[in-house]
Amino acid sequence: MAVSVDEAVSTGPARDHTPPARRLGGRGRSVLEVTLLTVLAVVMLFPVLWMIETSIKENRDVYAIPAKLFDFKVTLAHYKDVFVDPDGGRSALSVSFLNSVVVAGVSTVLATVLGVPAAWAYSRFAVKAKKDQLFFILSTRFMPPVVVVIPIFLMYRQVGLIDNKLGLILIYAAFNVPFTIWMMKGFVDEVPAEYEDAAMLDGYTRLQAFRRFTLPLLMPGIAATAVFALIFSWNEFVFATFLTSSDSVRTAPPAIAGLIGGTTTDWGLVAAASVVFALPVLVFAYLVRKHLIAGVTLGAVRR
Amino acid sequence: MGTVAAHGLRKSFGKVQALDGVTLDVPDGSFFVVLGPSGAGKTTTLRAIAGLDKLDAGSVHLDGRDATGDTPAARDLAMVFQSYALYPRHTVYENIASPLRARRCSSSEIAAAVEQMSSLLHIERLLQRRPAQLSGGEMQRVALARALVRRPRAFLMDEPLTNLDLKLRVEMRTELTRIHRSLGATFVYVTNDQVEALSMADQVAILKEGKVQQVGTPTEVYERPANQWVAGFVGSPPISLLACRAEGDRLVGAAGWTLPRPHWTTAEDGQGLLLGLRAEDLSVEQRGNASLSGELYGLEPLGDRTVVDVRVGTEILKVKARPTVTGTPGERLLVTVDLDRAHLFDAGTGLSLSEAGR
């Protein structure tokens, strides 16, 4: 049998191994590292801690000077005020939370449903001027959103989308679609196109091949992307302030901001509302933290 | 039935002309190998036949019917990918069942077919595993099973053995030949390994830079290469090529040697030629009348034989010899030539100058 020797013998050069450089401070973290991390943690966490504390203090303790750090009476009255109106019934704040859930949820679903197939198409097909198109899509994110708030306001007034949840949903989706396309294109690029080729030869159509074989592999990426989109929509303040006015349409960020000012400010209520506002995003981010990290680092490392 | 005919396939990727008018006619039931170095357009040809890439020009006929515009699914072909492309989230069972599921077979049919395939390829105990838990050889078998589980018009194989180790590759060569014979189906098999091509094929098409160089049986492409490039590509060790020209009844080498002019050539006097000599048609151990003198340049022992490099002028001749042969570099040697089995090529065009009927 004429098998050449070259096939059997590897010709690669022997690889040199240099020992990895020893880390400063040996095992664990150095004193400097710990100090810096502590300072950072205090700076970052103190406002959060203070917010939570204020939300469970009685009004007397909230305004006490010097501030009471530990010896205050715990009350959940502020949390009740967030959801229930003083004269019974649903509070305006609770309606705004509901609005936030609807607006953020629907706009994220919309952005994902539009963005994922677009990302797949950009990744898989020969699109004319693909790079230019992708750059154009990305360029919509270059400017701060505030820049377009006036034109959008005028346009929305013409078509009756002012003070309308649909208006917010559309604008948030419009901001999230480019983000979704860019982030998802990276994920789709990572999935070999040959799975779809194989599926098409098995007898599936191209769309079936995508749905049955590629889409399940994209789920972690979709989760990460959707959480980022959700956080953007949930936190968005500028457009919500300009484009909505009535309590029945307003989302939580402008509604909470609206509590501050006037003759007196009920800081306990503001703090409680802020905690309620922050919780869903924290819980969400915690649930998908693995995917988030995978999503952020993916593509950065060549496997 | 299972004929595959590709006519005038053209395809470019940017400035690279991957396929430059490839025409292939694969007869029903044949083991047809497309052989060429990497970048020759072999995989592109196969993907064009499968309908996975759009062509710039050309047509694909399956069973005599124009299928150029058909989707891959409608072409009724099966393919084994070089990377195997096993679905990572599916078990081996589901991978093999996939072509049947796509065609809405009943689950009892599927179970029977998967069982038959897995016993044919000895992968019964792997059925519940996922691709990540398989070795390269096992993945290769599963990919093969997924293709063979159906009875398509033809099987397309894209370097299916390239990623296997040498021993397994030799084993699978025999097995694939056996499977081909027992199915009697049409195989279009792409490889860059000439040993695979020569040992398995009924017909070989040799591809270079998107153009078909020669189509023929393994014996034809080895014994009667259409041009200098084919002669150099097929055969191991590679054919030795010596520059020369014809003068009367002699061949005169650029290095000064002379050999009798072969009777089978159409070469004209004074024409620039290349004399192609295969290692097994040369000898350092027998006396003959047609011979070249040179000096020993090096020995390459390969176990079952030794390749002797002999320097003639500035050119190196590779000579096949018995493993017991010895010598010291620089030593004078006489190399006997079997001129009836030699080849002559036009030094300019590279085309063969051997008479057709010899």
# chains A, B, ... in the order shown; residues from 1 in each chain; ligands from 1
>>> interface_residues(of="chain A", to="chain B", cutoff="6 Å", atoms="only C-alpha atoms", output="PyMOL selection string")
chain A and resi 194-195+200-204
>>> residues_around(residues="Val249 (chain A)", least_positions_apart="4", cutoff="10 Å", atoms="only C-alpha atoms", output="list in words")
Val95, Ser96, Leu98, Asn99, Ser100, Val103, Ile162, Asp163, Asn164, Lys165, Leu166, Leu168, Ala240, Leu243, Thr244 and Ser245 of chain A
>>> select_by_dssp(residues="region 81-299 of chain A", states="alpha helix (DSSP H)", output="ChimeraX atom specification")
/A:81-83,92-124,130-139,149-159,165-190,194-202,206-209,215-235,238-243,252-259,267-287,289-297
>>> atom_distance(atom1="CA of Gly216 (chain B)", atom2="CA of Leu148 (chain B)")
26.4 Å
>>> residues_around(residues="Thr68 (chain B)", least_positions_apart="6", cutoff="7 Å", atoms="only C-alpha atoms", output="VMD selection string")
chain B and resid 59 to 61
>>> atom_distance(atom1="CA of Leu241 (chain B)", atom2="CA of Leu275 (chain B)")
5.4 Å
>>> atom_distance(atom1="CA of Trp264 (chain B)", atom2="CA of Ser352 (chain B)")
11.4 Å
>>> residues_around(residues="region 26-35 of chain B", least_positions_apart="4", cutoff="8 Å", atoms="only C-alpha atoms", output="PDB file with N, CA and C atoms, in the first residue's frame")
ATOM      1  N   MET B   1     -31.978   4.321 -10.385  1.00  0.00           N
ATOM      2  CA  MET B   1     -31.320   5.366 -11.180  1.00  0.00           C
ATOM      3  C   MET B   1     -30.573   6.341 -10.281  1.00  0.00           C
ATOM      4  N   GLY B   2     -29.511   6.869 -10.747  1.00  0.00           N
ATOM      5  CA  GLY B   2     -28.787   7.861  -9.963  1.00  0.00           C
ATOM      6  C   GLY B   2     -27.647   8.473 -10.754  1.00  0.00           C
ATOM      7  N   THR B   3     -27.969   9.131 -11.857  1.00  0.00           N
ATOM      8  CA  THR B   3     -26.894   9.791 -12.588  1.00  0.00           C
ATOM      9  C   THR B   3     -26.813  11.254 -12.163  1.00  0.00           C
ATOM     10  N   VAL B   4     -25.586  11.756 -12.095  1.00  0.00           N
ATOM     11  CA  VAL B   4     -25.353  13.151 -11.745  1.00  0.00           C
ATOM     12  C   VAL B   4     -24.541  13.767 -12.882  1.00  0.00           C
ATOM     13  N   ALA B   5     -25.056  14.832 -13.444  1.00  0.00           N
ATOM     14  CA  ALA B   5     -24.317  15.488 -14.522  1.00  0.00           C
ATOM     15  C   ALA B   5     -24.215  16.972 -14.231  1.00  0.00           C
ATOM     16  N   LYS B  42     -12.967  21.463  -5.287  1.00  0.00           N
ATOM     17  CA  LYS B  42     -13.659  20.180  -5.111  1.00  0.00           C
ATOM     18  C   LYS B  42     -14.919  20.337  -4.281  1.00  0.00           C
ATOM     19  N   HIS B 180     -20.332   0.610  -0.798  1.00  0.00           N
ATOM     20  CA  HIS B 180     -20.700   1.023  -2.155  1.00  0.00           C
ATOM     21  C   HIS B 180     -21.112  -0.170  -2.988  1.00  0.00           C
ATOM     22  N   GLY B 184     -24.834  -0.557  -4.388  1.00  0.00           N
ATOM     23  CA  GLY B 184     -24.914  -0.308  -5.820  1.00  0.00           C
ATOM     24  C   GLY B 184     -25.353   1.094  -6.144  1.00  0.00           C
ATOM     25  N   ALA B 185     -25.135   2.026  -5.206  1.00  0.00           N
ATOM     26  CA  ALA B 185     -25.599   3.397  -5.406  1.00  0.00           C
ATOM     27  C   ALA B 185     -24.486   4.259  -5.998  1.00  0.00           C
ATOM     28  N   THR B 186     -24.878   5.454  -6.433  1.00  0.00           N
ATOM     29  CA  THR B 186     -23.913   6.399  -6.994  1.00  0.00           C
ATOM     30  C   THR B 186     -23.224   7.172  -5.864  1.00  0.00           C
ATOM     31  N   PHE B 187     -21.894   7.160  -5.876  1.00  0.00           N
ATOM     32  CA  PHE B 187     -21.128   7.928  -4.894  1.00  0.00           C
ATOM     33  C   PHE B 187     -20.338   9.008  -5.619  1.00  0.00           C
ATOM     34  N   VAL B 188     -20.455  10.244  -5.158  1.00  0.00           N
ATOM     35  CA  VAL B 188     -19.539  11.290  -5.630  1.00  0.00           C
ATOM     36  C   VAL B 188     -18.678  11.659  -4.441  1.00  0.00           C
ATOM     37  N   TYR B 189     -17.385  11.379  -4.547  1.00  0.00           N
ATOM     38  CA  TYR B 189     -16.503  11.401  -3.396  1.00  0.00           C
ATOM     39  C   TYR B 189     -15.368  12.378  -3.658  1.00  0.00           C
ATOM     40  N   VAL B 190     -15.233  13.355  -2.788  1.00  0.00           N
ATOM     41  CA  VAL B 190     -14.219  14.388  -2.963  1.00  0.00           C
ATOM     42  C   VAL B 190     -13.044  14.114  -2.026  1.00  0.00           C
ATOM     43  N   THR B 191     -11.827  14.177  -2.533  1.00  0.00           N
ATOM     44  CA  THR B 191     -10.668  13.960  -1.667  1.00  0.00           C
ATOM     45  C   THR B 191      -9.435  14.646  -2.230  1.00  0.00           C
ATOM     46  N   ASN B 192      -8.471  14.906  -1.363  1.00  0.00           N
ATOM     47  CA  ASN B 192      -7.184  15.390  -1.857  1.00  0.00           C
ATOM     48  C   ASN B 192      -6.136  14.296  -1.721  1.00  0.00           C
ATOM     49  N   ASP B 193      -6.586  13.090  -1.341  1.00  0.00           N
ATOM     50  CA  ASP B 193      -5.672  11.980  -1.094  1.00  0.00           C
ATOM     51  C   ASP B 193      -5.705  11.043  -2.308  1.00  0.00           C
ATOM     52  N   GLN B 194      -4.601  11.024  -3.050  1.00  0.00           N
ATOM     53  CA  GLN B 194      -4.593  10.238  -4.278  1.00  0.00           C
ATOM     54  C   GLN B 194      -4.688   8.744  -3.998  1.00  0.00           C
ATOM     55  N   ALA B 197      -8.249   7.987  -3.871  1.00  0.00           N
ATOM     56  CA  ALA B 197      -8.816   8.060  -5.213  1.00  0.00           C
ATOM     57  C   ALA B 197      -8.467   6.808  -6.008  1.00  0.00           C
ATOM     58  N   MET B 200     -10.175   3.480  -4.427  1.00  0.00           N
ATOM     59  CA  MET B 200     -11.615   3.303  -4.300  1.00  0.00           C
ATOM     60  C   MET B 200     -12.402   3.571  -5.574  1.00  0.00           C
ATOM     61  N   ALA B 201     -11.855   4.399  -6.456  1.00  0.00           N
ATOM     62  CA  ALA B 201     -12.695   4.946  -7.528  1.00  0.00           C
ATOM     63  C   ALA B 201     -12.924   3.989  -8.683  1.00  0.00           C
ATOM     64  N   ASP B 202     -14.119   4.107  -9.304  1.00  0.00           N
ATOM     65  CA  ASP B 202     -14.330   3.565 -10.643  1.00  0.00           C
ATOM     66  C   ASP B 202     -13.833   4.588 -11.651  1.00  0.00           C
ATOM     67  N   GLN B 203     -14.125   5.860 -11.337  1.00  0.00           N
ATOM     68  CA  GLN B 203     -13.770   6.969 -12.218  1.00  0.00           C
ATOM     69  C   GLN B 203     -13.165   8.081 -11.365  1.00  0.00           C
ATOM     70  N   VAL B 204     -12.123   8.701 -11.867  1.00  0.00           N
ATOM     71  CA  VAL B 204     -11.511   9.818 -11.167  1.00  0.00           C
ATOM     72  C   VAL B 204     -11.575  11.057 -12.048  1.00  0.00           C
ATOM     73  N   ALA B 205     -11.980  12.189 -11.454  1.00  0.00           N
ATOM     74  CA  ALA B 205     -11.868  13.464 -12.157  1.00  0.00           C
ATOM     75  C   ALA B 205     -10.830  14.268 -11.400  1.00  0.00           C
ATOM     76  N   ILE B 206      -9.827  14.750 -12.110  1.00  0.00           N
ATOM     77  CA  ILE B 206      -8.776  15.509 -11.436  1.00  0.00           C
ATOM     78  C   ILE B 206      -8.983  16.990 -11.691  1.00  0.00           C
ATOM     79  N   LEU B 207      -9.045  17.725 -10.581  1.00  0.00           N
ATOM     80  CA  LEU B 207      -9.410  19.133 -10.622  1.00  0.00           C
ATOM     81  C   LEU B 207      -8.229  19.978 -10.188  1.00  0.00           C
TER      82      LEU B 207
END
>>> select_by_dssp(residues="region 7-245 of chain B", states="strand (DSSP E)", output="VMD selection string")
chain B and resid 7 to 13 16 to 26 31 to 35 57 to 62 65 to 66 77 to 80 154 to 158 186 to 191 203 to 208 211 to 216 240 to 245
>>> residues_around(residues="region 67-72 of chain A", least_positions_apart="5", cutoff="10 Å", atoms="only C-alpha atoms", output="PyMOL selection string")
chain A and resi 50+53-54+56-58+60-62
>>> write_last_selection(atoms="C-alpha atoms", output="mmCIF file, in the first residue's frame")
data_model
loop_
_atom_site.group_PDB
_atom_site.id
_atom_site.type_symbol
_atom_site.label_atom_id
_atom_site.label_comp_id
_atom_site.auth_asym_id
_atom_site.auth_seq_id
_atom_site.Cartn_x
_atom_site.Cartn_y
_atom_site.Cartn_z
ATOM 1 C CA TRP A 50 -29.391 53.766 52.081
ATOM 2 C CA GLU A 53 -32.990 51.499 54.664
ATOM 3 C CA THR A 54 -35.042 54.603 53.908
ATOM 4 C CA ILE A 56 -38.371 50.658 55.638
ATOM 5 C CA LYS A 57 -37.971 53.610 58.075
ATOM 6 C CA GLU A 58 -40.857 55.503 59.633
ATOM 7 C CA ARG A 60 -39.878 60.440 61.723
ATOM 8 C CA ASP A 61 -36.669 58.412 61.400
ATOM 9 C CA VAL A 62 -36.193 59.326 57.746
#
>>> residues_around(residues="region 273-290 of chain A", least_positions_apart="6", cutoff="10 Å", atoms="only C-alpha atoms", output="ChimeraX atom specification")
/A:48,51-52,55,78-79,81-83,93-94,97,100-101,220,223-224,227-228,230-231,234-235,252-253,255-257,259,267
>>> closest_residue(among="B:Ser283, B:Leu242, B:Gly313, B:Glu223", to="Gly256 (chain B)", atoms="only C-alpha atoms")
B:Gly313
